Amino acid sequence: MRQRHTHSHTHQRRSHHSLHAQIFGLCKKCGQAVAPHHVCPNCGTYQGREVIDVLKKLSKKEKKEKQKQMAEQEKESKKTDMESLSVK
Ligand SMILES: [Zn+2]
């Protein structure tokens, strides 16, 4: 021990140690929760632009399922787009 600290000093230091809620945004394409300033791990887009080929590293079987999933998601997003337009 270097020197005895007061309780106050210790508490003041530890006041910065609390954890805060995880901050995240939603992917514009698939609506998944994505860490800010990170490429979406689900569809590989960043700021609505495709950056990485997500299908490349998947096996054939996984590829098919993923493509299916993404097609469905696109359909759904189009549907919601139409709905939001009709509301306005
Ligand atoms: Zn995404």
# chains A, B, ... in the order shown; residues from 1 in each chain; ligands from 1
>>> residues_around(residues="region 68-72 of chain A", least_positions_apart="2", cutoff="12 Å", atoms="only C-alpha atoms", output="list of chain:residue names")
A:Lys29, A:Cys30, A:Gly31, A:Gln32, A:Asn42, A:Cys43, A:Gly44, A:Val54, A:Leu55, A:Lys61, A:Glu62, A:Lys63, A:Lys64, A:Glu65, A:Lys66, A:Glu74, A:Lys75, A:Glu76, A:Ser77, A:Lys78, A:Lys79
>>> write_last_selection(atoms="C-alpha atoms", output="JSON list (two decimals), in the first residue's frame")
[["chain", "number", "residue", "atom", "x", "y", "z"],
["A", 29, "LYS", "CA", -32.03, -3.21, -43.77],
["A", 30, "CYS", "CA", -32.94, -6.06, -41.43],
["A", 31, "GLY", "CA", -33.87, -4.21, -38.23],
["A", 32, "GLN", "CA", -31.45, -6.16, -36.05],
["A", 42, "ASN", "CA", -26.75, -10.35, -39.89],
["A", 43, "CYS", "CA", -26.91, -8.85, -43.38],
["A", 44, "GLY", "CA", -23.45, -7.25, -43.75],
["A", 54, "VAL", "CA", -22.25, -12.50, -45.40],
["A", 55, "LEU", "CA", -23.06, -15.51, -47.57],
["A", 61, "LYS", "CA", -27.06, -25.31, -46.46],
["A", 62, "GLU", "CA", -26.74, -22.23, -44.28],
["A", 63, "LYS", "CA", -26.52, -20.09, -47.41],
["A", 64, "LYS", "CA", -29.88, -21.29, -48.68],
["A", 65, "GLU", "CA", -31.56, -20.67, -45.35],
["A", 66, "LYS", "CA", -30.01, -17.23, -45.05],
["A", 74, "GLU", "CA", -37.13, -7.72, -47.56],
["A", 75, "LYS", "CA", -40.75, -8.57, -48.30],
["A", 76, "GLU", "CA", -41.73, -7.59, -44.79],
["A", 77, "SER", "CA", -39.82, -4.32, -44.91],
["A", 78, "LYS", "CA", -41.48, -3.44, -48.23],
["A", 79, "LYS", "CA", -44.84, -4.21, -46.70]]
>>> select_by_dssp(residues="region 12-81 of chain A", states="helix (DSSP H, G or I)", output="ChimeraX atom specification")
/A:12-14,60-81
>>> residues_around(residues="region 46-48 of chain A", least_positions_apart="4", cutoff="9 Å", atoms="only C-alpha atoms", output="ChimeraX atom specification")
/A:27-29,37-40,52
>>> atom_distance(atom1="CA of Phe24 (chain A)", atom2="CA of Met82 (chain A)")
26.2 Å
>>> closest_residue(among="A:His5, A:Ser86, A:Leu26, A:Lys60", to="Pro41 (chain A)", atoms="only C-alpha atoms")
A:Leu26
>>> closest_residue(among="A:Gln3, A:His20, A:Thr10, A:Arg49", to="ligand 1", atoms="only C-alpha atoms and all ligand atoms")
A:Arg49
>>> select_by_dssp(residues="region 4-87 of chain A", states="strand (DSSP E)", output="JSON, numbers by chain")
{"A": [25, 26, 33, 34, 45, 46, 49, 50]}
>>> write_last_selection(atoms="C-alpha atoms", output="PDB file, in the first residue's frame")
ATOM      1  CA  GLY A  25     -28.928   1.094 -33.113  1.00  0.00           C
ATOM      2  CA  LEU A  26     -31.154  -0.845 -35.449  1.00  0.00           C
ATOM      3  CA  ALA A  33     -29.791  -4.516 -33.078  1.00  0.00           C
ATOM      4  CA  VAL A  34     -26.319  -3.450 -34.164  1.00  0.00           C
ATOM      5  CA  THR A  45     -24.601  -3.712 -44.425  1.00  0.00           C
ATOM      6  CA  TYR A  46     -23.459  -0.430 -42.959  1.00  0.00           C
ATOM      7  CA  ARG A  49     -24.885  -0.078 -48.003  1.00  0.00           C
ATOM      8  CA  GLU A  50     -23.640  -3.647 -48.422  1.00  0.00           C
TER       9      GLU A  50
END
>>> closest_residue(among="A:Ala35, A:Ser18, A:His7, A:Arg2", to="ligand 1", atoms="only C-alpha atoms and all ligand atoms")
A:Ala35
